[in-house]
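Chemist: Sending over a structure as structure tokens; questions will come in a sec.
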Number of protein chains: 2
Amino acid sequence: MGATMHDVARVAGVSIKTVSNVINEYPHVRPGTRDKVMQAIEELDYRPNLSARGLRLGRTGIIGLAVPALRENYFAELADSVIREAEKRGLGVVIEQTSGDRETELLTFSGGRLRFVDGLIFSPVSLGQADVDVLDVGFPLVLLGERIFGGPTDHVTMVNVDAARAATEHLIRSGRKRIAVVGAHDGEVIGSAGLRLRGYREALEAAGIPFDPTLIAYTTLWHRSNGATSMRQLLATGVKFDAVFALNDTLALGAMRVLQEAGLTIPTDVAVIGFDDLDEARYSLPTLSTIDPGRNEIATTAVRVLLDRIAGVEPTAPMTEYLAEFHLVERESTGARRTSIETIR
Amino acid sequence: MGATMHDVARVAGVSIKTVSNVINEYPHVRPGTRDKVMQAIEELDYRPNLSARGLRLGRTGIIGLAVPALRENYFAELADSVIREAEKRGLGVVIEQTSGDRETELLTFSGGRLRFVDGLIFSPVSLGQADVDVLDVGFPLVLLGERIFGGPTDHVTMVNVDAARAATEHLIRSGRKRIAVVGAHDGEVIGSAGLRLRGYREALEAAGIPFDPTLIAYTTLWHRSNGATSMRQLLATGVKFDAVFALNDTLALGAMRVLQEAGLTIPTDVAVIGFDDLDEARYSLPTLSTIDPGRNEIATTAVRVLLDRIAGVEPTAPMTEYLAEFHLVERESTGARRTSIETIR
DNA sequence: TTGAAAGCGCTAACAC
DNA sequence: GTGTTAGCGCTTTCAA
């Protein structure tokens with residue numbers, strides 16, 4: 001279908017090597033020659049065949065991004081950032097959806113698709129610390145999230161404990177003492193839920209507020225429906241609370257909906273804070289206070305680190321853990337003055 | 001790094017052709033031979049090099065999906081469906097974000113990245129009917145959306161006019177007569193806004209309700225903030241209305257937020273219906289009535305049609321327009337009985 | 001500064 | 001039923 005380098009060389013009256021030199025911006029090409037080649041490229045609408053280049057170079061210019069599902073806002077926004085950053089660097093991104101289940105997450109490493117990406121950015125939600133060994137794959141891999149620490153790969157994440165402490169402290173500062181938690185995972189130590197719950201407890205402790213287990217709602221999944229269900233259960237127990245720390249925004253939105261159905265006013269009766277700073281948090285009613293986990297910084301760092309590994313600059317550099325900066329975002333759900341809706345982007 | 005076919009052939013004690021036969025499930029291979037090969041593959045952890053295969057076959061097994069941005073829920077959900085369908089068929093998907101601007105949309109066809117996808121599913125939002133000629137590219141292309149009709153490619157879309165008429169009729173059936181519209185595009189005939197406004201007018205006409213231009217709010221972009229701003233302007237004009245047809249869900253959510261800020265009750269004072277059936281519409285307060293545009297059907301059809309073109313079955317088959325089925329989804333915002341939050345998926 | 005030619009890993013004629 | 005081999009389009013060593 002398309003023209004090849006040979007065609008370009010023929011039309012330009014030079015050898016194929018010269019065409020290659022021009023395309024790869026090899027410096028020592030006489031300007032006149034370069035012009036002839038450029039013109040031939042234009043004329044033939046030539047575009048290099050990436051398969052051939054990939055075969056020759058052993059690199060394809062494509063990286064993989066494995067996330068549970070784009071349907072989940074957090075991962076859609078993460079993918080958005082990763083694709084933007086990759087594009088700046090001339091890379092394509094193939095997205096793999098793992099559905100968040102263990103089998104598929106494991107398959108991601110052995111699946112056929114991967115023999116052709118140059119590297120993979122992987123955000124597991126089912127694999128855990130015990131699976132650390134399976135991360136020892138034969139290609140560049142950057143790990144995201146907080147399921148596995150100290151593994152054999154570079155790792156980009158954020159200070160979950162500190163961020164959760166900041167969220168809780170914010171509630172405490174506004175005078176709340178009975179702070180419910182939505183989305184805890186029973187017995188989890190590492191992992192988003194475990195770490196964030198730890199931050200919550202640290203904040204309570206620092207403020208001298210006793211930990212009350214009846215305020216903790218457990219739910220495995222972190223969808224809106226789980227936030228709603230948890231909140232319904234919490235209300236049904238009759239336990240009193242004046243604030244909710246939802247371990248992510250999606251849970252918070254589900255929980256807010258139930259609180260409002262129950263006739264409670266946010267933040268007057270109950271203040272709510274989430275975690276993730278989804279776009280959606282700026283438009284809910286009330287707007288949702290939350291933690292901005294530095295998602296964009298996570299994405300750009302992950303791409304940069306992966307590329308360095310692929311390029312093999314300092315192949316012996318030790319595997320590193322990178323921590324993104326987080327920020328507390330105060331909105332109406334914790335009492336920030338009602339503002340007109342923030343302008344998008 | 002990885003083992004090649006030669007390695008597998010050597011270990012299995014057969015020729016490279018036999019290995020190829022096994023991998024490509026060529027039927028006439030003796031079971032014993034196949035087993036030996038499979039074992040060698042296992043032993044060497046062999047995976048075929050997709051670049052080489054792509055070079056040889058002229059196909060890479062990767063398709064492109066060009067959308068404005070994954071940050072926009074509609075496109076994230078669309079991408080999710082496309083990736084799922086592609087995966088079923090053994091294809092990878094590279095996502096290209098166009099930001100929805102004209103330059104980038106045009107670049108999508110000429111950009112370097114595309115020389116290696118086997119085909120492209122393209123959802124333009126800036127290109128229009130006048131650009132129909134640029135769609136005549138040299139590779140399989142499936143067009144989505146309602147910006148361009150009758151072009152030189154297969155096209156998967158839905159019956160926007162009918163769907164918008166159904167949405168409006170639903171409001172009329174519930175006794176509403178003063179129905180505001182949010183998200184109209186001035187002077188647009190084709191395009192989502194133009195077509196949906198037409199459906200709205202058709203419904204009014206059929207019901208004998210006069211069209212009132214003061215009820216139409218215009219906004220170029222379709223983000224939450226635009227829905228909010230439009231609704232604020234509408235309220236400021238003092239015009240009376242008892243229902244809102246937002247031309248997509250995102251606008252509807254922004255508009256609902258402003259209506260509620262203004263102390264109005266949905267649906268008692270004002271009923272609201274959107275368009276798209278985003279996941280989010282099931283969890284807003286109140287839940288949002290909307291049109292399910294058959295997004296999943298659109299995605300699966302697009303992938304199927306693209307694959308047929310790539311495979312070249314019936315290369316002379318005329319370019320076809322495929323229409324997905326739509327459904328009216330009645331929820332609380334137009335008076336459906338309050339249900340506990342629908343279970344996710 | 002440019003040309004000739006080898007070879008990346010794979011598939012598919014074509015032999016046997 | 002299985003082996004031999006050409007060549008897909010590109011980069012790059014080596015010569016000129």
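Residue names in the structure tokens use chain letters A, B, ... in the order shown, residue numbers from 1 in each chain, and ligand numbers from 1 in the order shown.
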List as a ChimeraX atom specification the protein and nucleic acid residues near range 186-196 of chain A, meaning an atom at most 10 Å away when only C-alpha atoms (C1' of nucleotides) are counted, but skip any in the same chain fewer than 4 places from it.
Modeler: /A:125-126,128-129,145-149,159-165,167-168,181-182,200-202,216-220,222,245-248,275
Chemist: For range 6-16 of chain D, please output as a PyMOL selection string all residues within 9 Å (counting only C-alpha atoms (C1' of nucleotides); exclusion window: fewer than 3 positions along the same chain).
Modeler: (chain A and resi 4-6+17+20+48-57) or (chain B and resi 52+54-58) or (chain C and resi 2-4+6)
Chemist: Pick from A:Asp7, A:Thr108, A:Phe326, A:Gly238: nearest to Arg47 in chain A, with only C-alpha atoms counted?
Modeler: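 Nearest to Arg47 in chain A: A:Asp7.
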Chemist: Kindly provide, as a list of chain:residue names, the residues of chain A having any atom no farther than 7 Å from an atom of chain B, counting only C-alpha atoms.
Modeler: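 Written out as asked, the residues are A:Arg47, A:Pro48, A:Asn49, A:Leu50, A:Ser51, A:Ala52, A:Gly54, A:Leu55, A:Ala69, A:Leu70, A:Arg71, A:Ala76, A:Glu77, A:Asp80, A:Gly92, A:Val93, A:Val94, A:Ile95, A:Gly112, A:Arg115, A:Phe116, A:Ser225, A:Gly254, A:Arg257, A:Tyr283, A:Leu285, A:Ile341, A:Thr343, A:Ile344.
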Chemist: Can you tell me which residues surround DT2 in chain D at a distance of at most 10 Å, considering only C-alpha atoms (C1' of nucleotides), apart from same-chain residues fewer than 2 positions away, and format the answer as a list in words?
Modeler: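 The residues that qualify are Val14, Ser15, Ile16, Lys17, Thr18, Asn21, His28, Val29, Arg30 and Thr33 of chain B; DC16 of chain C.
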Chemist: Restricting the output to N, CA and C atoms (P, O5', C5', C4', C3', O3' and C1' of nucleotides), write the selected residues as a PDB file, in the first residue's frame.
Modeler:
```pdb
ATOM      1  N   VAL B  14      12.747 -29.992  15.466  1.00  0.00           N
ATOM      2  CA  VAL B  14      11.972 -29.914  14.222  1.00  0.00           C
ATOM      3  C   VAL B  14      12.436 -28.681  13.456  1.00  0.00           C
ATOM      4  N   SER B  15      11.790 -28.446  12.332  1.00  0.00           N
ATOM      5  CA  SER B  15      12.171 -27.254  11.583  1.00  0.00           C
ATOM      6  C   SER B  15      11.322 -26.059  12.023  1.00  0.00           C
ATOM      7  N   ILE B  16      11.794 -24.916  11.667  1.00  0.00           N
ATOM      8  CA  ILE B  16      11.113 -23.680  12.036  1.00  0.00           C
ATOM      9  C   ILE B  16       9.697 -23.617  11.455  1.00  0.00           C
ATOM     10  N   LYS B  17       9.535 -24.214  10.305  1.00  0.00           N
ATOM     11  CA  LYS B  17       8.212 -24.213   9.678  1.00  0.00           C
ATOM     12  C   LYS B  17       7.185 -24.946  10.544  1.00  0.00           C
ATOM     13  N   THR B  18       7.623 -26.039  11.132  1.00  0.00           N
ATOM     14  CA  THR B  18       6.733 -26.805  11.984  1.00  0.00           C
ATOM     15  C   THR B  18       6.321 -25.975  13.197  1.00  0.00           C
ATOM     16  N   ASN B  21       3.795 -23.645  12.067  1.00  0.00           N
ATOM     17  CA  ASN B  21       2.527 -24.343  11.878  1.00  0.00           C
ATOM     18  C   ASN B  21       1.783 -24.538  13.198  1.00  0.00           C
ATOM     19  N   HIS B  28      -2.663 -29.572   9.840  1.00  0.00           N
ATOM     20  CA  HIS B  28      -2.011 -30.858   9.549  1.00  0.00           C
ATOM     21  C   HIS B  28      -0.658 -31.006  10.226  1.00  0.00           C
ATOM     22  N   VAL B  29      -0.690 -31.081  11.526  1.00  0.00           N
ATOM     23  CA  VAL B  29       0.526 -31.335  12.293  1.00  0.00           C
ATOM     24  C   VAL B  29       0.279 -32.578  13.128  1.00  0.00           C
ATOM     25  N   ARG B  30       1.213 -33.477  13.111  1.00  0.00           N
ATOM     26  CA  ARG B  30       1.027 -34.710  13.866  1.00  0.00           C
ATOM     27  C   ARG B  30       1.001 -34.370  15.355  1.00  0.00           C
ATOM     28  N   THR B  33       4.251 -34.358  17.246  1.00  0.00           N
ATOM     29  CA  THR B  33       5.115 -33.231  16.878  1.00  0.00           C
ATOM     30  C   THR B  33       4.654 -31.964  17.587  1.00  0.00           C
TER      31      THR B  33
ATOM     32  P    DC C  16      12.777 -31.224  -4.692  1.00  0.00           P
ATOM     33  O5'  DC C  16      12.373 -32.263  -3.553  1.00  0.00           O
ATOM     34  C5'  DC C  16      13.028 -32.186  -2.296  1.00  0.00           C
ATOM     35  C4'  DC C  16      12.214 -32.948  -1.300  1.00  0.00           C
ATOM     36  C3'  DC C  16      11.985 -34.424  -1.647  1.00  0.00           C
ATOM     37  O3'  DC C  16      12.806 -35.206  -0.807  1.00  0.00           O
ATOM     38  C1'  DC C  16      10.085 -33.401  -0.635  1.00  0.00           C
TER      39       DC C  16
END
```
Chemist: Give me every helix (DSSP H, G or I) residue in range 88-268 of chain B, going by DSSP on the backbone, as number ranges by chain.
Modeler: B: 88, 102-110, 112-116, 129-135, 160-173, 192-207, 213-215, 224-237, 249-261
Chemist: Write out as a tab-separated table (two decimals) with C-alpha atoms (C1' of nucleotides), in the first residue's frame every residue belonging to chain C that has an atom at most 7 Å from any atom of chain B, counting only C-alpha atoms (C1' of nucleotides).
Modeler:
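For reference, result27.tsv as written:
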```
chain	number	residue	atom	x	y	z
C	9	DG	C1'	12.01	-12.95	13.30
C	10	DC	C1'	8.46	-14.43	10.97
C	11	DT	C1'	5.19	-16.61	7.23
```
Chemist: In Å to one decimal, how far is CA of Val37 in chain A from CA of Val19 in chain A?
Modeler: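 CA of Val37 in chain A lies at a distance of 6.3 Å from CA of Val19 in chain A.
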Chemist: One decimal, in Å: what's the spacing between CA of Met231 in chain B and CA of Ala255 in chain B?
Modeler: 5.3 Å
Chemist: Suppose you want the space between CA of Ala166 in chain B and CA of Gly335 in chain B; what is it in Å?
Modeler: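 These atoms are spaced 15.9 Å apart.
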Chemist: Write out as a PyMOL selection string all residues of range 41-75 of chain B that DSSP puts in strand (DSSP E) for this structure's backbone.
Modeler: chain B and resi 62-67
Chemist: Taking only C-alpha atoms (C1' of nucleotides) into account, which of A:Arg10, A:Arg34, A:Arg178, A:Arg89 comes nearest DT1 in chain C?
Modeler: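 Checking each of A:Arg10, A:Arg34, A:Arg178, A:Arg89 against DT1 in chain C, counting only C-alpha atoms (C1' of nucleotides), the winner is A:Arg34.
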